[in-house]
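**Student:** Data file query22.pdb (PDB, C-alpha atoms and all ligand atoms) is appended below.
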```
ATOM      1  CA  MET H  87     133.233  93.171 146.424
ATOM      2  CA  ILE H  88     135.095  91.588 143.512
ATOM      3  CA  THR H  89     137.051  94.198 141.550
ATOM      4  CA  PRO H  90     137.385  94.622 137.777
ATOM      5  CA  ASP H  91     141.077  93.629 138.120
ATOM      6  CA  THR H  92     140.254  90.340 139.805
ATOM      7  CA  ILE H  93     137.552  89.610 137.247
ATOM      8  CA  ALA H  94     139.964  90.451 134.419
ATOM      9  CA  ALA H  95     142.460  87.940 135.852
ATOM     10  CA  HIS H  96     139.730  85.280 136.001
ATOM     11  CA  VAL H  97     138.653  86.111 132.438
ATOM     12  CA  ALA H  98     142.268  85.650 131.299
ATOM     13  CA  SER H  99     142.461  82.210 132.872
ATOM     14  CA  VAL H 100     139.105  81.135 131.390
ATOM     15  CA  ARG H 101     140.233  82.382 127.959
ATOM     16  CA  ASP H 102     143.416  80.385 128.473
ATOM     17  CA  ARG H 103     141.408  77.228 129.066
ATOM     18  CA  ILE H 104     139.361  77.946 125.934
ATOM     19  CA  ALA H 105     142.533  78.540 123.896
ATOM     20  CA  HIS H 106     144.144  75.295 125.109
ATOM     21  CA  ALA H 107     141.026  73.288 124.375
ATOM     22  CA  CYS H 108     140.830  74.853 120.889
ATOM     23  CA  ASP H 109     144.498  74.098 120.275
ATOM     24  CA  ARG H 110     143.998  70.398 120.843
ATOM     25  CA  VAL H 111     141.316  70.170 118.142
ATOM     26  CA  ASN H 112     142.534  72.866 115.756
ATOM     27  CA  ARG H 113     139.777  75.345 116.417
ATOM     28  CA  ASP H 114     140.005  79.140 116.476
ATOM     29  CA  PRO H 115     139.312  80.526 120.003
ATOM     30  CA  ALA H 116     137.620  83.486 118.308
ATOM     31  CA  ASP H 117     134.816  81.058 117.427
ATOM     32  CA  VAL H 118     133.945  80.527 121.102
ATOM     33  CA  LEU H 119     131.823  83.185 122.799
ATOM     34  CA  LEU H 120     132.240  83.551 126.560
ATOM     35  CA  VAL H 121     128.948  84.329 128.293
ATOM     36  CA  ALA H 122     129.477  85.402 131.907
ATOM     37  CA  VAL H 123     126.785  83.893 134.124
ATOM     38  CA  THR H 124     125.843  86.385 136.815
ATOM     39  CA  LYS H 125     122.828  84.775 138.491
ATOM     40  CA  THR H 126     122.660  85.595 142.225
ATOM     41  CA  TRP H 127     125.431  88.218 141.912
ATOM     42  CA  PRO H 128     124.383  91.842 142.408
ATOM     43  CA  ALA H 129     124.239  94.337 139.556
ATOM     44  CA  GLU H 130     127.469  95.923 140.774
ATOM     45  CA  VAL H 131     129.343  92.694 140.033
ATOM     46  CA  VAL H 132     128.021  92.819 136.463
ATOM     47  CA  ARG H 133     129.165  96.443 136.265
ATOM     48  CA  ALA H 134     132.659  95.471 137.453
ATOM     49  CA  ALA H 135     132.714  92.673 134.852
ATOM     50  CA  TRP H 136     131.691  95.134 132.132
ATOM     51  CA  HIS H 137     134.610  97.353 133.214
ATOM     52  CA  ALA H 138     136.842  94.276 132.937
ATOM     53  CA  GLY H 139     135.778  94.056 129.283
ATOM     54  CA  LEU H 140     132.991  91.455 129.355
ATOM     55  CA  ARG H 141     129.893  92.244 127.292
ATOM     56  CA  ASP H 142     127.790  89.062 127.232
ATOM     57  CA  PHE H 143     125.972  88.125 130.441
ATOM     58  CA  GLY H 144     123.733  85.196 131.275
ATOM     59  CA  GLU H 145     120.835  85.246 133.724
ATOM     60  CA  ASN H 146     118.571  82.400 134.886
ATOM     61  CA  TYR H 147     115.645  84.123 136.566
ATOM     62  CA  ALA H 148     113.185  86.522 134.911
ATOM     63  CA  GLN H 149     112.833  88.960 137.804
ATOM     64  CA  GLU H 150     116.573  89.086 138.436
ATOM     65  CA  LEU H 151     117.094  89.897 134.753
ATOM     66  CA  VAL H 152     114.462  92.643 134.843
ATOM     67  CA  ASP H 153     116.084  94.244 137.900
ATOM     68  CA  LYS H 154     119.655  94.080 136.607
ATOM     69  CA  HIS H 155     118.632  95.260 133.142
ATOM     70  CA  ALA H 156     117.146  98.378 134.719
ATOM     71  CA  ALA H 157     120.102  98.963 137.047
ATOM     72  CA  LEU H 158     122.658  98.659 134.222
ATOM     73  CA  ALA H 159     120.880 100.395 131.345
ATOM     74  CA  ASP H 160     123.749 102.912 131.136
ATOM     75  CA  LEU H 161     126.357 100.304 130.084
ATOM     76  CA  ASP H 162     127.077 100.418 126.342
ATOM     77  CA  GLY H 163     127.165  97.206 124.376
ATOM     78  CA  LEU H 164     125.979  94.947 127.200
ATOM     79  CA  ARG H 165     124.103  91.926 125.848
ATOM     80  CA  TRP H 166     121.837  89.803 128.029
ATOM     81  CA  HIS H 167     121.407  86.071 127.443
ATOM     82  CA  PHE H 168     118.533  84.288 129.147
ATOM     83  CA  ILE H 169     119.737  80.782 130.067
ATOM     84  CA  GLY H 170     117.308  79.560 132.746
ATOM     85  CA  HIS H 171     114.077  77.629 132.685
ATOM     86  CA  LEU H 172     111.363  79.995 131.471
ATOM     87  CA  GLN H 173     107.654  79.778 132.152
ATOM     88  CA  ARG H 174     105.514  80.897 129.263
ATOM     89  CA  ASN H 175     103.880  83.698 131.259
ATOM     90  CA  LYS H 176     107.336  85.237 131.895
ATOM     91  CA  ALA H 177     108.249  85.476 128.211
ATOM     92  CA  ARG H 178     106.666  88.929 128.055
ATOM     93  CA  ASN H 179     109.089  90.224 130.702
ATOM     94  CA  VAL H 180     112.195  88.628 129.231
ATOM     95  CA  ALA H 181     111.822  88.913 125.432
ATOM     96  CA  PRO H 182     112.049  92.735 125.293
ATOM     97  CA  LEU H 183     115.350  92.748 127.227
ATOM     98  CA  VAL H 184     117.573  90.086 125.738
ATOM     99  CA  HIS H 185     120.002  89.591 122.891
ATOM    100  CA  ALA H 186     119.602  85.796 123.088
ATOM    101  CA  VAL H 187     117.519  83.085 124.709
ATOM    102  CA  HIS H 188     119.205  79.699 125.236
ATOM    103  CA  SER H 189     116.379  77.860 126.970
ATOM    104  CA  LEU H 190     113.473  77.532 124.542
ATOM    105  CA  ASP H 191     112.212  74.016 125.194
ATOM    106  CA  SER H 192     108.768  73.778 123.599
ATOM    107  CA  ALA H 193     107.020  74.982 120.465
ATOM    108  CA  ARG H 194     104.478  76.877 122.601
ATOM    109  CA  LEU H 195     107.165  78.716 124.539
ATOM    110  CA  ALA H 196     109.039  79.544 121.326
ATOM    111  CA  THR H 197     105.902  80.914 119.690
ATOM    112  CA  GLU H 198     105.026  83.012 122.733
ATOM    113  CA  PHE H 199     108.588  84.295 123.059
ATOM    114  CA  GLY H 200     108.649  85.183 119.359
ATOM    115  CA  ALA H 201     105.359  87.079 119.642
ATOM    116  CA  ARG H 202     106.668  89.062 122.621
ATOM    117  CA  ALA H 203     109.939  89.883 120.877
ATOM    118  CA  LEU H 204     108.030  91.014 117.787
ATOM    119  CA  ALA H 205     105.764  93.237 119.889
ATOM    120  CA  ALA H 206     108.846  94.797 121.478
ATOM    121  CA  GLY H 207     110.405  95.400 118.058
ATOM    122  CA  ARG H 208     113.405  93.157 118.732
ATOM    123  CA  THR H 209     115.143  90.284 117.002
ATOM    124  CA  VAL H 210     116.389  87.684 119.476
ATOM    125  CA  ASP H 211     118.962  84.924 118.875
ATOM    126  CA  ALA H 212     117.267  81.644 119.731
ATOM    127  CA  TYR H 213     118.639  78.318 120.988
ATOM    128  CA  VAL H 214     116.681  75.200 121.812
ATOM    129  CA  GLN H 215     117.611  73.576 125.105
ATOM    130  CA  VAL H 216     117.638  69.803 124.714
ATOM    131  CA  ASN H 217     117.473  67.316 127.557
ATOM    132  CA  VAL H 218     119.953  64.943 125.974
ATOM    133  CA  SER H 219     120.479  62.722 129.009
ATOM    134  CA  GLY H 220     116.767  62.234 129.715
ATOM    135  CA  GLU H 221     117.303  63.162 133.393
ATOM    136  CA  ALA H 222     113.864  63.834 134.867
ATOM    137  CA  SER H 223     115.097  66.861 136.839
ATOM    138  CA  LYS H 224     116.547  68.611 133.792
ATOM    139  CA  SER H 225     114.698  71.123 131.708
ATOM    140  CA  GLY H 226     114.978  71.043 127.954
ATOM    141  CA  CYS H 227     112.917  69.370 125.283
ATOM    142  CA  ASP H 228     112.937  65.667 124.561
ATOM    143  CA  PRO H 229     115.200  65.064 121.528
ATOM    144  CA  ARG H 230     112.137  63.641 119.742
ATOM    145  CA  GLU H 231     110.399  67.040 119.993
ATOM    146  CA  LEU H 232     113.347  69.009 118.684
ATOM    147  CA  GLY H 233     112.132  69.211 115.083
ATOM    148  CA  GLU H 234     108.845  70.706 116.157
ATOM    149  CA  VAL H 235     110.514  73.367 118.340
ATOM    150  CA  LEU H 236     112.938  74.314 115.555
ATOM    151  CA  THR H 237     110.064  74.749 113.109
ATOM    152  CA  ALA H 238     108.177  76.920 115.592
ATOM    153  CA  ILE H 239     111.219  79.181 115.946
ATOM    154  CA  GLU H 240     111.643  79.476 112.182
ATOM    155  CA  ARG H 241     108.036  80.612 111.888
ATOM    156  CA  CYS H 242     108.764  83.592 114.171
ATOM    157  CA  GLU H 243     109.899  86.682 112.343
ATOM    158  CA  ALA H 244     111.488  88.085 115.522
ATOM    159  CA  LEU H 245     113.547  84.987 116.369
ATOM    160  CA  ARG H 246     116.820  84.150 114.669
ATOM    161  CA  LEU H 247     117.498  80.426 115.015
ATOM    162  CA  ARG H 248     121.096  79.974 116.178
ATOM    163  CA  GLY H 249     121.432  76.470 117.547
ATOM    164  CA  LEU H 250     121.173  74.055 120.451
ATOM    165  CA  MET H 251     121.952  74.217 124.153
ATOM    166  CA  THR H 252     122.328  71.535 126.801
ATOM    167  CA  VAL H 253     123.300  71.079 130.440
ATOM    168  CA  PRO H 254     124.821  67.672 131.247
ATOM    169  CA  PRO H 255     124.031  65.800 134.477
ATOM    170  CA  ALA H 256     126.215  66.785 137.442
ATOM    171  CA  SER H 257     129.297  64.585 137.685
ATOM    172  CA  GLU H 258     132.706  64.537 139.380
ATOM    173  CA  ASN H 259     134.589  63.904 136.159
ATOM    174  CA  PRO H 260     134.232  66.572 133.427
ATOM    175  CA  GLU H 261     134.901  63.890 130.799
ATOM    176  CA  ASP H 262     131.545  62.341 131.714
ATOM    177  CA  ALA H 263     129.935  65.272 129.883
ATOM    178  CA  ALA H 264     131.586  64.348 126.569
ATOM    179  CA  PRO H 265     128.937  61.794 125.486
ATOM    180  CA  VAL H 266     126.205  64.351 126.225
ATOM    181  CA  PHE H 267     127.971  67.044 124.207
ATOM    182  CA  ARG H 268     128.581  64.602 121.352
ATOM    183  CA  ALA H 269     124.911  63.658 121.397
ATOM    184  CA  LEU H 270     124.030  67.344 120.984
ATOM    185  CA  VAL H 271     126.392  67.534 117.995
ATOM    186  CA  ALA H 272     124.679  64.465 116.517
ATOM    187  CA  LEU H 273     121.262  66.083 116.994
ATOM    188  CA  ARG H 274     122.532  69.150 115.173
ATOM    189  CA  GLU H 275     123.630  66.925 112.276
ATOM    190  CA  ALA H 276     120.248  65.197 112.236
ATOM    191  CA  HIS H 277     118.418  68.540 112.029
ATOM    192  CA  GLY H 278     120.137  70.385 109.229
ATOM    193  CA  GLY H 279     123.730  70.638 110.449
ATOM    194  CA  ALA H 280     125.695  73.826 110.878
ATOM    195  CA  ALA H 281     123.924  75.530 107.972
ATOM    196  CA  ARG H 282     120.707  75.601 109.986
ATOM    197  CA  LEU H 283     122.184  75.418 113.493
ATOM    198  CA  PRO H 284     125.551  77.192 113.465
ATOM    199  CA  SER H 285     125.905  77.469 117.225
ATOM    200  CA  LEU H 286     126.203  75.076 120.184
ATOM    201  CA  SER H 287     125.784  76.524 123.675
ATOM    202  CA  MET H 288     127.432  73.983 125.975
ATOM    203  CA  GLY H 289     130.068  73.991 128.702
ATOM    204  CA  MET H 290     130.217  75.619 132.137
ATOM    205  CA  THR H 291     133.026  76.155 134.673
ATOM    206  CA  HIS H 292     133.473  72.436 135.349
ATOM    207  CA  ASP H 293     133.405  71.090 131.790
ATOM    208  CA  LEU H 294     134.060  73.966 129.389
ATOM    209  CA  ASP H 295     137.316  72.380 128.154
ATOM    210  CA  VAL H 296     135.458  69.201 127.176
ATOM    211  CA  ALA H 297     132.655  71.239 125.573
ATOM    212  CA  VAL H 298     135.061  73.284 123.463
ATOM    213  CA  ALA H 299     136.850  70.118 122.337
ATOM    214  CA  CYS H 300     133.433  68.760 121.294
ATOM    215  CA  GLY H 301     132.580  71.885 119.285
ATOM    216  CA  ALA H 302     130.947  74.438 121.625
ATOM    217  CA  THR H 303     130.625  77.906 120.129
ATOM    218  CA  VAL H 304     129.215  79.412 123.343
ATOM    219  CA  VAL H 305     130.331  78.583 126.879
ATOM    220  CA  ARG H 306     128.324  79.824 129.863
ATOM    221  CA  VAL H 307     130.665  80.418 132.787
ATOM    222  CA  GLY H 308     129.859  81.649 136.288
ATOM    223  CA  SER H 309     131.968  80.422 139.186
ATOM    224  CA  ALA H 310     135.314  80.469 137.347
ATOM    225  CA  LEU H 311     134.794  84.227 136.880
ATOM    226  CA  PHE H 312     133.045  85.344 140.050
ATOM    227  CA  GLY H 313     133.687  82.626 142.626
ATOM    228  CA  ALA H 314     131.354  80.112 144.248
ATOM    229  CA  ARG H 315     127.725  81.176 144.524
TER
HETATM  230  C1  LIG H 401     124.537  78.547 136.537
HETATM  231  C2  LIG H 401     124.597  78.149 135.113
HETATM  232  C3  LIG H 401     125.792  78.216 134.379
HETATM  233  C4  LIG H 401     127.135  78.599 134.980
HETATM  234  O1  LIG H 401     127.570  77.613 135.866
HETATM  235  P1  LIG H 401     129.031  77.663 136.538
HETATM  236  O2  LIG H 401     129.242  76.271 136.989
HETATM  237  O3  LIG H 401     128.976  78.641 137.651
HETATM  238  O4  LIG H 401     130.006  78.057 135.487
HETATM  239  C5  LIG H 401     125.732  77.896 133.030
HETATM  240  N1  LIG H 401     124.579  77.517 132.434
HETATM  241  C6  LIG H 401     123.413  77.430 133.105
HETATM  242  C7  LIG H 401     122.187  77.012 132.396
HETATM  243  C8  LIG H 401     123.394  77.728 134.466
HETATM  244  O5  LIG H 401     122.239  77.613 135.138
END
```
Go ahead and render the structure in this file as structure tokens.
Ligand SMILES: *Cc1c(COP(=O)(O)O)cnc(C)c1O
**Tutor:**
Amino acid sequence: MITPDTIAAHVASVRDRIAHACDRVNRDPADVLLVAVTKTWPAEVVRAAWHAGLRDFGENYAQELVDKHAALADLDGLRWHFIGHLQRNKARNVAPLVHAVHSLDSARLATEFGARALAAGRTVDAYVQVNVSGEASKSGCDPRELGEVLTAIERCEALRLRGLMTVPPASENPEDAAPVFRALVALREAHGGAARLPSLSMGMTHDLDVAVACGATVVRVGSALFGAR
């Protein structure tokens, strides 16, 4: 199994990439949060990553989150981020366990998630996932529905609106993601700017450098830290 030392070395190289990308556009690397994506990896890998100093972890599947949350309840300061497609009937399982949800993609889901967080006595950081590219296979709301989803989040006492999230279409060349990331920035500007939407969750192993150059404040990184899934 991957050791804390190996993970720490991978974290250092990812932080290096973030720092270089920040350098090129005069940003402070402290403004970019690294979320370690642990989907499909066992709880013990998350534990090793916690020992390597990571605290923010991203999961895609409700049941996997529930299981790992229970297995790792003893780890201080661990914060779970839900980043996968979420069915409305799973919101009740996820909302009580997470620090943040990155994948709200409809007003109905946001309202349900907010109600479940409120019932659990939690405040959850909320991001709207936007399907910028219009790819049929991608989850995320249509950019034309974004205003409605944002309003739904702001009506929920237990949700704290943070910003927007997107996943670009798969592509060989990381630079191909730049127009998608820039479109997300433009959507932010069209919906109240950084005052309303301070955070942009964009960038994964393949394209995090491009995302940071475009203004990402959260990168969600799996394989660069833990290896191929
Ligand atoms: C799996 C996943 C990631 C991490 O992808 P890597 O290429 O392994 O870095 C990030 N965001 C989402 C939404 C994912 O599903």
**Student:** Could you report the residues within 7 Å of ligand LIG 401 (chain H), using all atoms listed in the file, as an MDAnalysis selection string?
**Tutor:** chainID H and resid 123 125 146 169:170 253 290:292 306:310
**Student:** With all atoms listed in the file as the counted atoms, please give the residues lying no more than 10 Å from Leu270 (chain H), apart from itself and same-chain residues fewer than 5 positions off, as a list in words.
**Tutor:**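 The contact residues come out as Gln215, Val216, Asn217, Val218, Ser219, Pro229, Leu250, Met251, Thr252, Ala264, Pro265, Glu275, Ala276, Leu286, Ser287, Met288, Cys300, Gly301 and Ala302 of chain H.
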**Student:** Could you check the closest approach to Ala263 (chain H) for each of H:Val132, H:Ala205, H:Ala238, H:Ala299 and tell me which residue wins, using only C-alpha atoms?
**Tutor:** H:Ala299
**Student:** I'd like the neighbourhood of Val118 (chain H) as a list in words, where a residue qualifies if any of its atoms comes within 8 Å (using all atoms listed in the file), though same-chain residues fewer than 3 positions away should be ignored.
**Tutor:**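 After dropping sequence-adjacent residues, the list is Ile104, Asp114, Pro115, Val298, Ala302, Thr303, Val304 and Val305 of chain H.
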**Student:** Find the residue from H:Ala129, H:Val266, H:Ala134, H:Ala181 that sits nearest to Ala157 (chain H); use all atoms listed in the file when measuring.
**Tutor:**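 Once distances to Ala157 (chain H) are computed over all atoms listed in the file, the minimum belongs to H:Ala129.
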**Student:** For the structure provided, state which residues fall under the PyMOL selection byres (((chain H and resi 213) around 6) and not hetatm), and present them as a PyMOL selection string.
**Tutor:** chain H and resi 188+212+214+248-250
**Student:** Those residues you just picked out, can you put them in a file as a JSON list (two decimals), in the frame of the given file with C-alpha atoms?
**Tutor:**
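Final file, selection-v5.json:
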```json
[["chain", "number", "residue", "atom", "x", "y", "z"],
["H", 188, "HIS", "CA", 119.20, 79.70, 125.24],
["H", 212, "ALA", "CA", 117.27, 81.64, 119.73],
["H", 214, "VAL", "CA", 116.68, 75.20, 121.81],
["H", 248, "ARG", "CA", 121.10, 79.97, 116.18],
["H", 249, "GLY", "CA", 121.43, 76.47, 117.55],
["H", 250, "LEU", "CA", 121.17, 74.06, 120.45]]
```
**Student:** Mind listing whatever residues come within 9 Å of the point (132.3, 86.4, 135.7)? Use only C-alpha atoms, file coordinates, and give them as a PyMOL selection string.
**Tutor:** chain H and resi 93-94+96-97+121-124+131-132+135+140+143+307-313
**Student:** Kindly save the residues from that selection, with C-alpha atoms included, as a PDB file, in the coordinates of the input.
**Tutor:**
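Written out: part19.pdb:
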```
ATOM      1  CA  ILE H  93     137.552  89.610 137.247  1.00  0.00           C
ATOM      2  CA  ALA H  94     139.964  90.451 134.419  1.00  0.00           C
ATOM      3  CA  HIS H  96     139.730  85.280 136.001  1.00  0.00           C
ATOM      4  CA  VAL H  97     138.653  86.111 132.438  1.00  0.00           C
ATOM      5  CA  VAL H 121     128.948  84.329 128.293  1.00  0.00           C
ATOM      6  CA  ALA H 122     129.477  85.402 131.907  1.00  0.00           C
ATOM      7  CA  VAL H 123     126.785  83.893 134.124  1.00  0.00           C
ATOM      8  CA  THR H 124     125.843  86.385 136.815  1.00  0.00           C
ATOM      9  CA  VAL H 131     129.343  92.694 140.033  1.00  0.00           C
ATOM     10  CA  VAL H 132     128.021  92.819 136.463  1.00  0.00           C
ATOM     11  CA  ALA H 135     132.714  92.673 134.852  1.00  0.00           C
ATOM     12  CA  LEU H 140     132.991  91.455 129.355  1.00  0.00           C
ATOM     13  CA  PHE H 143     125.972  88.125 130.441  1.00  0.00           C
ATOM     14  CA  VAL H 307     130.665  80.418 132.787  1.00  0.00           C
ATOM     15  CA  GLY H 308     129.859  81.649 136.288  1.00  0.00           C
ATOM     16  CA  SER H 309     131.968  80.422 139.186  1.00  0.00           C
ATOM     17  CA  ALA H 310     135.314  80.469 137.347  1.00  0.00           C
ATOM     18  CA  LEU H 311     134.794  84.227 136.880  1.00  0.00           C
ATOM     19  CA  PHE H 312     133.045  85.344 140.050  1.00  0.00           C
ATOM     20  CA  GLY H 313     133.687  82.626 142.626  1.00  0.00           C
TER      21      GLY H 313
END
```
**Student:** Please measure the separation of CA of Phe267 (chain H) and CA of Gln173 (chain H), giving the value in Å to one decimal.
**Tutor:** 25.3 Å
**Student:** To one decimal in Å, tell me the separation between CA of Gly279 (chain H) and CA of Glu198 (chain H).
**Tutor:**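 Between these atoms lies a distance of 25.6 Å.
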**Student:** Return the single residue from H:Ala186, H:Ala177, H:Cys242, H:Leu172 that is closest to Gly226 (chain H), with distances computed using only C-alpha atoms.
**Tutor:**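 Ranked by minimum distance to Gly226 (chain H), first place goes to H:Leu172.
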**Student:** For a test of reading the model, state the distance in Å between CA of Phe168 (chain H) and CA of Glu231 (chain H), rounded to one decimal.
**Tutor:**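 Computing the Euclidean distance for CA of Phe168 (chain H) and CA of Glu231 (chain H) yields 21.2 Å.
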**Student:** Taking into account only C-alpha atoms, which residue in the set H:Glu234, H:Leu161, H:Glu221, H:Val152 is nearest to Leu190 (chain H)?
**Tutor:** H:Glu234
**Student:** Counting all atoms listed in the file, figure out which residue out of H:Glu130, H:Arg202, H:Pro284, H:Arg165 gets nearest to Gly144 (chain H).
**Tutor:**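 Closest to Gly144 (chain H) of all the choices is H:Arg165.
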